[in-house]
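I have placed the structure first, in the form of structure tokens, so that the comments after it can refer back to it.
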Protein chains: 6
Amino acid sequence: MSMRPDQRDIADLRPIRIQRPFPTAASGSLIISAGETIVLCTASVVEQLPGWKQNDTSGWLTAEYRMLPASTSPRSPRSDRPDGRSTEIQRLIGRSLRAVVDLDAIGPRTICVDCDVLKADGGTRTLSITGAFIALVEALHASRELFANPEKLPLRDSIAAMSVGIVEGQPRLDLCYAEDVAAEVDMNIVMTGKGCFVELQGTGEETTFSEQDLHDMLRLAKLGIAQLTELQKENLGELWPL
Amino acid sequence: MSMRPDQRDIADLRPIRIQRPFPTAASGSLIISAGETIVLCTASVVEQLPGWKQNDTSGWLTAEYRMLPASTSPRSPRSDRPDGRSTEIQRLIGRSLRAVVDLDAIGPRTICVDCDVLKADGGTRTLSITGAFIALVEALHASRELFANPEKLPLRDSIAAMSVGIVEGQPRLDLCYAEDVAAEVDMNIVMTGKGCFVELQGTGEETTFSEQDLHDMLRLAKLGIAQLTELQKENLGELWPL
Amino acid sequence: MSMRPDQRDIADLRPIRIQRPFPTAASGSLIISAGETIVLCTASVVEQLPGWKQNDTSGWLTAEYRMLPASTSPRSPRSDRPDGRSTEIQRLIGRSLRAVVDLDAIGPRTICVDCDVLKADGGTRTLSITGAFIALVEALHASRELFANPEKLPLRDSIAAMSVGIVEGQPRLDLCYAEDVAAEVDMNIVMTGKGCFVELQGTGEETTFSEQDLHDMLRLAKLGIAQLTELQKENLGELWPL
Amino acid sequence: MSMRPDQRDIADLRPIRIQRPFPTAASGSLIISAGETIVLCTASVVEQLPGWKQNDTSGWLTAEYRMLPASTSPRSPRSDRPDGRSTEIQRLIGRSLRAVVDLDAIGPRTICVDCDVLKADGGTRTLSITGAFIALVEALHASRELFANPEKLPLRDSIAAMSVGIVEGQPRLDLCYAEDVAAEVDMNIVMTGKGCFVELQGTGEETTFSEQDLHDMLRLAKLGIAQLTELQKENLGELWPL
Amino acid sequence: MSMRPDQRDIADLRPIRIQRPFPTAASGSLIISAGETIVLCTASVVEQLPGWKQNDTSGWLTAEYRMLPASTSPRSPRSDRPDGRSTEIQRLIGRSLRAVVDLDAIGPRTICVDCDVLKADGGTRTLSITGAFIALVEALHASRELFANPEKLPLRDSIAAMSVGIVEGQPRLDLCYAEDVAAEVDMNIVMTGKGCFVELQGTGEETTFSEQDLHDMLRLAKLGIAQLTELQKENLGELWPL
Amino acid sequence: MSMRPDQRDIADLRPIRIQRPFPTAASGSLIISAGETIVLCTASVVEQLPGWKQNDTSGWLTAEYRMLPASTSPRSPRSDRPDGRSTEIQRLIGRSLRAVVDLDAIGPRTICVDCDVLKADGGTRTLSITGAFIALVEALHASRELFANPEKLPLRDSIAAMSVGIVEGQPRLDLCYAEDVAAEVDMNIVMTGKGCFVELQGTGEETTFSEQDLHDMLRLAKLGIAQLTELQKENLGELWPL
């Protein structure tokens with residue numbers, strides 16, 4: 001069986017680095033990297049609700065995801081509006097974070113999460129979610145005086161996300177781009193710190209997969225997500241909300 | 001435990017009806033309904049490849065999905081371009097069908113699948129996939145003289161799709177709209193006739209779900225998809241490709 | 001003088017079929033066909049006025065027209081926004097229906113008519129109008145409790161529409177696509193059940209036409225529209241408003 | 001019976017003025033006015049064919065129509081793309097001119113006609129057509145060395161256009177804006193110098209009209225168009241192509 | 001040293017002609033030309049404020065600039081929305097005029113300036129500004145009863161604009177198109193009648209320029225603008241506001 | 001006379017920091033900051049020419065500029081396409097860099113410069129230019145084997161840019177946002193390392209300025225740009241091309 005491009009074991013994560021604070025004007029802001037994949041994650045609190053929620057008393061959380069042109073080589077043209085892939089990803093990020101945020105408690109305002117990929121080497125959507133959770137905590141902390149209960153962050157759990165896949169018939173954790181392209185099956189899993197699923201998206205890439213494949217990938221993903229949760233906890237220190 | 005809105009048992013499908021042929025100008029064309037959800041599915045063979053595949057010798061399959069304005073009450077405004085949700089769904093439909101089509105065998109042409117929802121009562125994306133597979137077979141059959149091997153349809157397996165969810169704490173098969181809105185967890189599963197997974201997308205709707213929940217939903221989905229495969233087989237009769 | 005492609009006499013309509021009710025979520029909904037041309041016509045009552053009529057006490061009627069991709073062979077790409085031709089047609093449909101609707105009597109709401117062409121073989125705009133009138137009656141009937149006078153539908157007359165043309169020097173009624181393409185002159189006529197004109201659009205297709213040509217085409221159109229009015233009356237039965 | 005706003009008789013045209021040449025960079029260029037309505041009409045010969053006619057040996061003629069913002073009071077916002085009304089009008093202008101141009105004789109190039117309304121007081125579309133014909137002749141003349149036969153302009157006839165309508169129950173020629181708004185029926189007629197119809201578009205404005213109304217309007221329109229043809233002939237002098 | 005294409009001396013303006021009034025529906029309206037460059041300038045007073053200024057008591061002035069298709073040879077396609085160049089120019093025109101208008105004094109309304117280039121031979125943006133100032137005065141005069149002080153036009157100074165450049169190493173005033181294309185340096189200068197700068201935009205066209213070059217160009221520009229101010233004063237006669 | 005918000009002297013720059021390399025996939029990539037303003041500048045070499053330069057043998061350089069949503073507080077909505085201001089800025093950046101690049105020497109390829117503002121506190125466009133020059137040198141160096149002469153970078157000079165303005169009647173160098181908003185006059189100046197002007201854009205913000213003001217601002221700008229050139233030289237070390 002062939003080696004992974006970077007010699008990792010099938011259950012190994014790429015090294016994670018978190019640069020926080022990273023200066024922007026958002027109240028939560030950091031750069032997170034996993035190997036060569038690098039994402040700027042920010043969370044801003046905006047005193048406005050989306051049109052369809054006007055006059056509501058509970059809040060909202062929305063996410064945007066873009067690849068900066070220089071994140072790929074060759075350069076990817078700047079997309080004027082989110083393409084199909086970006087739309088899917090930013091809907092996933094927003095939905096995942098909303099699963100653990102108490103929207104009632106944040107009141108009539110919107111948390112805007114922005115994930116801008118600075119360098120793309122596979123796993124940008126899952127790394128975006130893992131980093132966005134930290135930015136979210138930081139932003140909620142900075143705005144806690146606005147919320148119903150300033151003593152308790154309006155969060156029910158933490159979340160982190162991982163990609164897994166089947167490459168050359170072998171289940172592998174945290175695919176880099178070269179593996180992602182070659183994968184027979186590609187799965188993205190979002191879980192909470194307490195071990196529940198939030199999202200689970202598995203796709204046969206012009207192929208199919210068995211129940212055993214699913215089982216193997218879920219087992220790997222859980223291992224990876226547990227490690228990410230530890231890293232989030234460590235990075236947030238006393239801001240850790242749970 | 002409360003009853004389902006239409007008194008079905010948790011593992012019951014809604015009644016499926018397939019009106020085929022339904023006259024359009026496409027070579028595969030039908031109307032499929034599951035309870036009150038009704039979708040027009042067509043498959044057209046176009047003698048052209050998408051721009052990024054120019055000069056390729058293998059083919060492509062693409063899908064478009066729209067809700068017609070009159071499919072909902074109140075009427076939904078006609079969207080000029082696919083919104084986020086439609087984009088996600090049509091990417092899912094295309095990806096799912098490509099998992100079983102032998103693109104090399106169809107040669108340098110594109111199969112365009114169109115799923116236009118005539119009436120929406122939950123499960124439109126999964127019903128679109130189930131119906132689109134039948135339209136696809138019909139269109140491939142009509143064009144088989146164009147393919148490498150006219151004797152064998154360029155298909156590796158059949159596919160069908162099912163929604164499952166957890167409503168009021170209870171796993172249920174084939175959610176109608178009222179259940180979809182109330183669901184704690186919503187999952188769409190695409191499987192082949194031979195029982196492999198093609199796509200699996202589970203989402204906690206502002207909540208999370210356990211591994212047991214996942215297991216229960218997968219079990220229900222497999223039951224449903226097996227029935228759909230039988231219905232497809234029966235409807236296609238001697239066109240059944242496998 | 002050459003035969004028509006389908007052996008019809010110059011004053012013969014193609015066979016008309018009306019499938020009503022056809023299930024959508026609109027309150028008026030049917031499929032109408034003339035030979036191979038097939039259109040889904042719906043009418044929905046929306047409790048809102050267009051922006052430019054805000055705070056008005058009278059109502060509005062608007063129409064949208066699209067060709068579904070599978071309505072032609074080869075497939076026509078889905079147009080993101082109405083192209084020049086669709087814009088013209090949907091303006092014609094809306095204007096024609098408004099000529100017989102009592103907008104004051106329907107109060108501050110909008111009737112949205114949607115005409116989606118399922119199969120196109122010439123005459124889609126005139127068939128859309130003929131079918132839309134039936135859907136309109138059905139929708140007005142379903143909503144009559146909302147109107148100023150529930151006892152009387154807010155309609156002054158019925159309308160129906162016909163295409164006529166000059167093909168190979170010969171005036172002909174109800175052109176099919178092959179004739180439409182070959183026509184020297186193409187005319188669309190919308191008339192009321194009582195025999196008045198609503199719209200009249202005649203075009204020399206890179207040619208011109210004489211007053212005698214005009215006279216001949218009008219005579220044929222009147223014959224055709226009288227038959228369509230009978231069919232509408234028969235289909236609507238006791239809903240016939242006049 | 002009430003007077004017309006400007007005291008004209010029902011069969012009177014508004015005074016026509018033609019300022020030609022009017023300096024632009026187009027090879028045909030003039031300002032035409034009818035009363036307070038003023039249009040800049042130009043015709044440019046472009047050495048290119050539209051995409052759908054590539055590699056064709058015959059030519060094409062296309063038209064664009066816009067109202068400049070200052071043409072109305074209050075100012076009308078500049079429309080980014082042609083709205084429904086402009087689309088209809090520019091299609092009408094193009095189609096009308098193509099009816100008399102010999103597209104084969106002009107060879108693989110496009111004549112682009114631009115009609116920009118400088119001041120709008122009713123009848124902008126018909127005045128655009130009348131003026132555009134003169135610009136077209138001027139441009140064809142300037143480019144005649146490019147054509148198959150430099151001795152003969154590639155024109156089969158002249159065209160001019162007129163609006164007629166029924167206002168306060170009375171048929172009237174050449175409606176100004178105040179009459180246009182009040183008209184029960186509005187009709188635009190394009191005819192050739194030899195007296196044939198090119199286009200005929202009659203619309204009941206939320207009303208209907210009888211065959212006698214149609215007859216009366218046609219009679220008036222023919223009178224008006226004959227006068228316009230004389231004015232075109234006089235203005236073009238020795239360029240008159242027929 | 002080579003001659004200028006039209007034999008002018010380096011400090012000579014092209015001949016300026018102003019046709020005022022030129023009939024449109026705007027309250028200020030004229031055609032201004034400098035040699036072969038011709039621009040229609042209008043100013044309309046609109047009883048509305050832009051969205052971001054709602055509920056403000058002071059007014060606003062905005063400008064739009066377009067090249068009509070026939071202004072160039074070959075014809076330039078009509079741009080659906082302002083391209084980068086037009087955007088820059090219309091922002092420049094608006095900013096320049098706002099520098100001399102007392103926005104408080106005109107009250108909660110917008111002055112819309114439209115500059116439509118009829119023929120382009122270099123210097124369209126500066127000629128637009130020079131002409132727009134005249135249209136502005138005319139429109140302010142026509143609306144003076146609406147303003148805080150009807151006795152005094154809400155203007156602090158006049159403005160006019162000039163292009164200068166360095167062509168073949170030589171500073172030149174008022175470049176025509178052939179010079180503009182060949183210029184090493186291109187500078188547009190907007191000044192007030194009293195001799196102050198409003199805008200100053202100098203660009204090395206793939207080259208650079210020295211402080212002496214700058215000095216030479218400013219000197220020429222001041223000469224030109226003083227002449228334009230005289231022409232504006234003469235044209236406006238007793239409307240001259242200062 | 002009042003103090004500057006950050007106590008700087010009128011001729012003081014804000015502290016400049018350059019983080020290079022900063023990891024992206026571009027061949028030139030860095031983060032540059034001036035006080036609180038922070039910009040990610042990258043330069044990518046793309047083996048393609050813009051459409052209008054097809055089949056040309058010389059190269060091109062283009063720039064894009066965007067403010068990331070989190071660069072301001074409150075968050076600025078992500079603009080789908082460049083707004084008027086961004087368009088102006090990215091045209092300025094591209095034009096400025098092209099003034100010193102030898103486009104012939106780089107051959108038929110495009111250098112794409114991207115400036116993404118991470119935090120905005122005034123002077124983003126000038127800082128973008130200063131940083132982009134460094135990224136450009138780095139990218140040209142990395143690709144030098146592709147160029148006509150690998151021994152010599154295709155650069156004629158260096159460039160850097162500075163904002164100056166008049167605030168409270170006082171000329172000041174390198175305005176921060178609070179000063180920018182309050183400035184009577186705002187000027188952006190691009191100069192080469194050798195002291196020539198590339199671009200010079202001065203604007204009276206609803207006011208005007210005198211020749212003395214211009215002179216004062218130019219003097220300050222030259223001081224600032226000389227310091228920036230030193231910093232660029234120091235940062236580039238042996239890559240310094242001149």
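FYI, nothing fancy with the structure tokens labels: chains A, B, ... in order, residues from 1 per chain, ligands from 1 as they appear.
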
Report task. If you run DSSP over the backbone, which residues in region 91-220 of chain E end up helix (DSSP H, G or I)? Put them as a VMD selection string. Result -> chain E and resid 91 to 98 103 to 106 124 to 142 144 to 146 177 to 182 211 to 220

**Report entry** chain E contacts on chain F, only C-alpha atoms, 10 Å, as number ranges by chain
**Finding:** F: 82-92, 95-103, 156-157, 185-192, 195-211, 213-214, 218

For Arg219 (chain F), list every protein, DNA or RNA residue within 12 Å, evaluated using only C-alpha atoms, and leave out those in the same chain fewer than 3 positions away; present the list as a PDB file with all heavy atoms, in the first residue's frame.
ATOM      1  N   GLU E 211       9.289  67.169 -12.082  1.00  0.00           N
ATOM      2  CA  GLU E 211       8.616  68.316 -11.473  1.00  0.00           C
ATOM      3  C   GLU E 211       8.515  69.475 -12.475  1.00  0.00           C
ATOM      4  O   GLU E 211       7.555  70.222 -12.477  1.00  0.00           O
ATOM      5  CB  GLU E 211       9.383  68.736 -10.216  1.00  0.00           C
ATOM      6  CG  GLU E 211       8.537  69.548  -9.293  1.00  0.00           C
ATOM      7  CD  GLU E 211       8.846  69.263  -7.819  1.00  0.00           C
ATOM      8  OE1 GLU E 211       9.809  68.490  -7.538  1.00  0.00           O
ATOM      9  OE2 GLU E 211       8.128  69.789  -6.959  1.00  0.00           O
TER      10      GLU E 211
ATOM     11  N   ILE F  10       3.771  66.681  11.356  1.00  0.00           N
ATOM     12  CA  ILE F  10       3.093  66.697  10.048  1.00  0.00           C
ATOM     13  C   ILE F  10       3.874  65.960   8.965  1.00  0.00           C
ATOM     14  O   ILE F  10       3.309  65.496   7.985  1.00  0.00           O
ATOM     15  CB  ILE F  10       2.810  68.139   9.553  1.00  0.00           C
ATOM     16  CG1 ILE F  10       4.108  68.923   9.354  1.00  0.00           C
ATOM     17  CG2 ILE F  10       1.865  68.875  10.469  1.00  0.00           C
ATOM     18  CD1 ILE F  10       3.895  70.162   8.477  1.00  0.00           C
ATOM     19  N   ALA F  11       5.174  65.809   9.131  1.00  0.00           N
ATOM     20  CA  ALA F  11       5.985  65.147   8.111  1.00  0.00           C
ATOM     21  C   ALA F  11       6.358  63.721   8.498  1.00  0.00           C
ATOM     22  O   ALA F  11       7.191  63.095   7.845  1.00  0.00           O
ATOM     23  CB  ALA F  11       7.245  65.969   7.833  1.00  0.00           C
ATOM     24  N   MET F 162       2.304  57.625  -1.556  1.00  0.00           N
ATOM     25  CA  MET F 162       2.066  58.307  -0.286  1.00  0.00           C
ATOM     26  C   MET F 162       0.779  59.118  -0.410  1.00  0.00           C
ATOM     27  O   MET F 162       0.499  59.686  -1.471  1.00  0.00           O
ATOM     28  CB  MET F 162       3.255  59.277  -0.083  1.00  0.00           C
ATOM     29  CG  MET F 162       3.588  59.633   1.331  1.00  0.00           C
ATOM     30  SD  MET F 162       4.203  58.191   2.247  1.00  0.00           S
ATOM     31  CE  MET F 162       2.925  58.008   3.468  1.00  0.00           C
ATOM     32  N   SER F 163       0.039  59.197   0.684  1.00  0.00           N
ATOM     33  CA  SER F 163      -1.065  60.156   0.718  1.00  0.00           C
ATOM     34  C   SER F 163      -0.624  61.381   1.501  1.00  0.00           C
ATOM     35  O   SER F 163       0.120  61.274   2.481  1.00  0.00           O
ATOM     36  CB  SER F 163      -2.305  59.546   1.372  1.00  0.00           C
ATOM     37  OG  SER F 163      -2.219  59.607   2.762  1.00  0.00           O
ATOM     38  N   VAL F 164      -1.063  62.517   1.026  1.00  0.00           N
ATOM     39  CA  VAL F 164      -0.876  63.760   1.773  1.00  0.00           C
ATOM     40  C   VAL F 164      -2.216  64.480   1.760  1.00  0.00           C
ATOM     41  O   VAL F 164      -3.105  64.143   0.979  1.00  0.00           O
ATOM     42  CB  VAL F 164       0.183  64.697   1.140  1.00  0.00           C
ATOM     43  CG1 VAL F 164       1.590  64.217   1.430  1.00  0.00           C
ATOM     44  CG2 VAL F 164      -0.033  64.838  -0.358  1.00  0.00           C
ATOM     45  N   GLY F 165      -2.347  65.486   2.616  1.00  0.00           N
ATOM     46  CA  GLY F 165      -3.616  66.192   2.609  1.00  0.00           C
ATOM     47  C   GLY F 165      -3.503  67.480   3.372  1.00  0.00           C
ATOM     48  O   GLY F 165      -2.444  67.808   3.917  1.00  0.00           O
ATOM     49  N   PRO F 171      -0.983  71.214   5.985  1.00  0.00           N
ATOM     50  CA  PRO F 171      -0.558  70.092   5.154  1.00  0.00           C
ATOM     51  C   PRO F 171      -0.003  68.975   6.031  1.00  0.00           C
ATOM     52  O   PRO F 171       0.777  69.266   6.961  1.00  0.00           O
ATOM     53  CB  PRO F 171       0.541  70.669   4.259  1.00  0.00           C
ATOM     54  CG  PRO F 171       0.791  72.051   4.703  1.00  0.00           C
ATOM     55  CD  PRO F 171      -0.119  72.408   5.815  1.00  0.00           C
ATOM     56  N   ARG F 172      -0.405  67.736   5.773  1.00  0.00           N
ATOM     57  CA  ARG F 172       0.051  66.608   6.603  1.00  0.00           C
ATOM     58  C   ARG F 172       0.385  65.414   5.714  1.00  0.00           C
ATOM     59  O   ARG F 172      -0.288  65.158   4.719  1.00  0.00           O
ATOM     60  CB  ARG F 172      -1.042  66.185   7.589  1.00  0.00           C
ATOM     61  CG  ARG F 172      -1.360  67.207   8.647  1.00  0.00           C
ATOM     62  CD  ARG F 172      -2.381  66.642   9.631  1.00  0.00           C
ATOM     63  NE  ARG F 172      -2.788  67.666  10.589  1.00  0.00           N
ATOM     64  CZ  ARG F 172      -3.756  67.504  11.501  1.00  0.00           C
ATOM     65  NH1 ARG F 172      -4.396  66.335  11.570  1.00  0.00           N
ATOM     66  NH2 ARG F 172      -4.079  68.481  12.326  1.00  0.00           N
ATOM     67  N   LEU F 173       1.350  64.653   6.164  1.00  0.00           N
ATOM     68  CA  LEU F 173       1.794  63.469   5.432  1.00  0.00           C
ATOM     69  C   LEU F 173       1.106  62.234   5.999  1.00  0.00           C
ATOM     70  O   LEU F 173       0.912  62.136   7.210  1.00  0.00           O
ATOM     71  CB  LEU F 173       3.318  63.331   5.592  1.00  0.00           C
ATOM     72  CG  LEU F 173       4.014  62.208   4.818  1.00  0.00           C
ATOM     73  CD1 LEU F 173       3.860  62.389   3.322  1.00  0.00           C
ATOM     74  CD2 LEU F 173       5.503  62.175   5.185  1.00  0.00           C
ATOM     75  N   ILE F 189       0.036  60.402  -4.248  1.00  0.00           N
ATOM     76  CA  ILE F 189       1.157  60.645  -5.147  1.00  0.00           C
ATOM     77  C   ILE F 189       1.971  59.360  -5.271  1.00  0.00           C
ATOM     78  O   ILE F 189       2.309  58.730  -4.277  1.00  0.00           O
ATOM     79  CB  ILE F 189       2.032  61.796  -4.602  1.00  0.00           C
ATOM     80  CG1 ILE F 189       1.210  63.093  -4.699  1.00  0.00           C
ATOM     81  CG2 ILE F 189       3.328  61.919  -5.379  1.00  0.00           C
ATOM     82  CD1 ILE F 189       1.764  64.229  -3.902  1.00  0.00           C
ATOM     83  N   GLY F 195      12.762  59.611  -8.193  1.00  0.00           N
ATOM     84  CA  GLY F 195      12.179  60.922  -7.922  1.00  0.00           C
ATOM     85  C   GLY F 195      11.275  61.490  -8.995  1.00  0.00           C
ATOM     86  O   GLY F 195      10.978  62.687  -8.986  1.00  0.00           O
ATOM     87  N   GLN F 212      -0.056  77.153  -3.686  1.00  0.00           N
ATOM     88  CA  GLN F 212       0.827  76.993  -2.532  1.00  0.00           C
ATOM     89  C   GLN F 212       0.530  75.685  -1.802  1.00  0.00           C
ATOM     90  O   GLN F 212       1.445  74.953  -1.399  1.00  0.00           O
ATOM     91  CB  GLN F 212       0.650  78.186  -1.574  1.00  0.00           C
ATOM     92  CG  GLN F 212       1.563  78.134  -0.329  1.00  0.00           C
ATOM     93  CD  GLN F 212       3.045  78.153  -0.702  1.00  0.00           C
ATOM     94  OE1 GLN F 212       3.474  78.930  -1.554  1.00  0.00           O
ATOM     95  NE2 GLN F 212       3.840  77.273  -0.094  1.00  0.00           N
ATOM     96  N   ASP F 213      -0.763  75.380  -1.642  1.00  0.00           N
ATOM     97  CA  ASP F 213      -1.147  74.105  -1.017  1.00  0.00           C
ATOM     98  C   ASP F 213      -0.533  72.944  -1.796  1.00  0.00           C
ATOM     99  O   ASP F 213       0.017  72.001  -1.212  1.00  0.00           O
ATOM    100  CB  ASP F 213      -2.678  73.931  -1.044  1.00  0.00           C
ATOM    101  CG  ASP F 213      -3.402  74.929  -0.149  1.00  0.00           C
ATOM    102  OD1 ASP F 213      -2.823  75.373   0.852  1.00  0.00           O
ATOM    103  OD2 ASP F 213      -4.561  75.257  -0.484  1.00  0.00           O
ATOM    104  N   LEU F 214      -0.658  73.016  -3.115  1.00  0.00           N
ATOM    105  CA  LEU F 214      -0.110  71.954  -3.962  1.00  0.00           C
ATOM    106  C   LEU F 214       1.391  71.808  -3.721  1.00  0.00           C
ATOM    107  O   LEU F 214       1.908  70.699  -3.534  1.00  0.00           O
ATOM    108  CB  LEU F 214      -0.393  72.288  -5.433  1.00  0.00           C
ATOM    109  CG  LEU F 214       0.231  71.367  -6.469  1.00  0.00           C
ATOM    110  CD1 LEU F 214      -0.271  69.937  -6.300  1.00  0.00           C
ATOM    111  CD2 LEU F 214      -0.080  71.856  -7.885  1.00  0.00           C
ATOM    112  N   HIS F 215       2.068  72.921  -3.691  1.00  0.00           N
ATOM    113  CA  HIS F 215       3.512  72.902  -3.484  1.00  0.00           C
ATOM    114  C   HIS F 215       3.889  72.268  -2.139  1.00  0.00           C
ATOM    115  O   HIS F 215       4.785  71.420  -2.041  1.00  0.00           O
ATOM    116  CB  HIS F 215       4.042  74.346  -3.567  1.00  0.00           C
ATOM    117  CG  HIS F 215       5.509  74.446  -3.340  1.00  0.00           C
ATOM    118  ND1 HIS F 215       6.055  74.772  -2.112  1.00  0.00           N
ATOM    119  CD2 HIS F 215       6.553  74.218  -4.171  1.00  0.00           C
ATOM    120  CE1 HIS F 215       7.379  74.757  -2.204  1.00  0.00           C
ATOM    121  NE2 HIS F 215       7.707  74.426  -3.446  1.00  0.00           N
ATOM    122  N   ASP F 216       3.156  72.639  -1.103  1.00  0.00           N
ATOM    123  CA  ASP F 216       3.434  72.082   0.234  1.00  0.00           C
ATOM    124  C   ASP F 216       3.214  70.579   0.277  1.00  0.00           C
ATOM    125  O   ASP F 216       3.986  69.825   0.870  1.00  0.00           O
ATOM    126  CB  ASP F 216       2.530  72.747   1.282  1.00  0.00           C
ATOM    127  CG  ASP F 216       2.868  74.211   1.498  1.00  0.00           C
ATOM    128  OD1 ASP F 216       3.941  74.664   1.022  1.00  0.00           O
ATOM    129  OD2 ASP F 216       2.050  74.919   2.122  1.00  0.00           O
ATOM    130  N   LYS F 222       7.254  63.934  -1.252  1.00  0.00           N
ATOM    131  CA  LYS F 222       8.587  63.497  -1.683  1.00  0.00           C
ATOM    132  C   LYS F 222       9.419  62.995  -0.518  1.00  0.00           C
ATOM    133  O   LYS F 222      10.133  61.989  -0.628  1.00  0.00           O
ATOM    134  CB  LYS F 222       9.293  64.644  -2.416  1.00  0.00           C
ATOM    135  CG  LYS F 222       8.830  64.774  -3.857  1.00  0.00           C
ATOM    136  CD  LYS F 222       9.654  65.755  -4.648  1.00  0.00           C
ATOM    137  CE  LYS F 222       9.289  67.166  -4.214  1.00  0.00           C
ATOM    138  NZ  LYS F 222      10.004  68.182  -5.017  1.00  0.00           N
ATOM    139  N   LEU F 223       9.284  63.684   0.611  1.00  0.00           N
ATOM    140  CA  LEU F 223       9.988  63.213   1.810  1.00  0.00           C
ATOM    141  C   LEU F 223       9.543  61.800   2.193  1.00  0.00           C
ATOM    142  O   LEU F 223      10.353  60.925   2.498  1.00  0.00           O
ATOM    143  CB  LEU F 223       9.690  64.144   2.992  1.00  0.00           C
ATOM    144  CG  LEU F 223      10.358  65.513   2.960  1.00  0.00           C
ATOM    145  CD1 LEU F 223       9.862  66.362   4.133  1.00  0.00           C
ATOM    146  CD2 LEU F 223      11.884  65.329   3.051  1.00  0.00           C
ATOM    147  N   GLY F 224       8.238  61.602   2.189  1.00  0.00           N
ATOM    148  CA  GLY F 224       7.708  60.297   2.599  1.00  0.00           C
ATOM    149  C   GLY F 224       8.120  59.201   1.639  1.00  0.00           C
ATOM    150  O   GLY F 224       8.511  58.099   2.048  1.00  0.00           O
ATOM    151  N   ILE F 225       8.017  59.488   0.358  1.00  0.00           N
ATOM    152  CA  ILE F 225       8.297  58.442  -0.630  1.00  0.00           C
ATOM    153  C   ILE F 225       9.772  58.055  -0.600  1.00  0.00           C
ATOM    154  O   ILE F 225      10.125  56.878  -0.786  1.00  0.00           O
ATOM    155  CB  ILE F 225       7.813  58.899  -2.027  1.00  0.00           C
ATOM    156  CG1 ILE F 225       6.271  58.864  -2.030  1.00  0.00           C
ATOM    157  CG2 ILE F 225       8.396  58.040  -3.131  1.00  0.00           C
ATOM    158  CD1 ILE F 225       5.614  59.440  -3.251  1.00  0.00           C
ATOM    159  N   ALA F 226      10.629  59.015  -0.327  1.00  0.00           N
ATOM    160  CA  ALA F 226      12.054  58.673  -0.222  1.00  0.00           C
ATOM    161  C   ALA F 226      12.287  57.674   0.908  1.00  0.00           C
ATOM    162  O   ALA F 226      13.071  56.721   0.773  1.00  0.00           O
ATOM    163  CB  ALA F 226      12.874  59.949  -0.007  1.00  0.00           C
TER     164      ALA F 226
END

**Report entry** Contacts of region 132-143 of chain B within 6 Å, only C-alpha atoms, excl. fewer than 5 positions in-chain, as a ChimeraX atom specification
**Finding:** /B:27-29,41-43

Could you write out the selected residues, including N, CA, C and O atoms, as a compact mmCIF listing (two decimals), in the first residue's frame?
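What ended up in part_14.txt:
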# COMPACT_ATOMS: atom_id res chain seq x y z
N SER B 27 -35.31 13.33 -24.86
CA SER B 27 -35.42 11.91 -25.20
C SER B 27 -35.78 11.06 -23.98
O SER B 27 -36.26 9.95 -24.12
N GLY B 28 -35.57 11.57 -22.77
CA GLY B 28 -36.08 10.91 -21.57
C GLY B 28 -36.95 11.91 -20.85
O GLY B 28 -36.51 13.04 -20.61
N SER B 29 -38.16 11.51 -20.46
CA SER B 29 -39.08 12.53 -19.94
C SER B 29 -40.19 11.87 -19.16
O SER B 29 -40.86 10.96 -19.66
N CYS B 41 -39.01 15.34 -14.68
CA CYS B 41 -37.60 14.98 -14.88
C CYS B 41 -37.38 14.69 -16.36
O CYS B 41 -38.09 13.87 -16.94
N THR B 42 -36.37 15.34 -16.94
CA THR B 42 -36.06 15.06 -18.34
C THR B 42 -34.56 14.85 -18.49
O THR B 42 -33.76 15.34 -17.69
N ALA B 43 -34.19 14.13 -19.53
CA ALA B 43 -32.77 13.97 -19.86
C ALA B 43 -32.62 14.18 -21.36
O ALA B 43 -33.32 13.55 -22.15
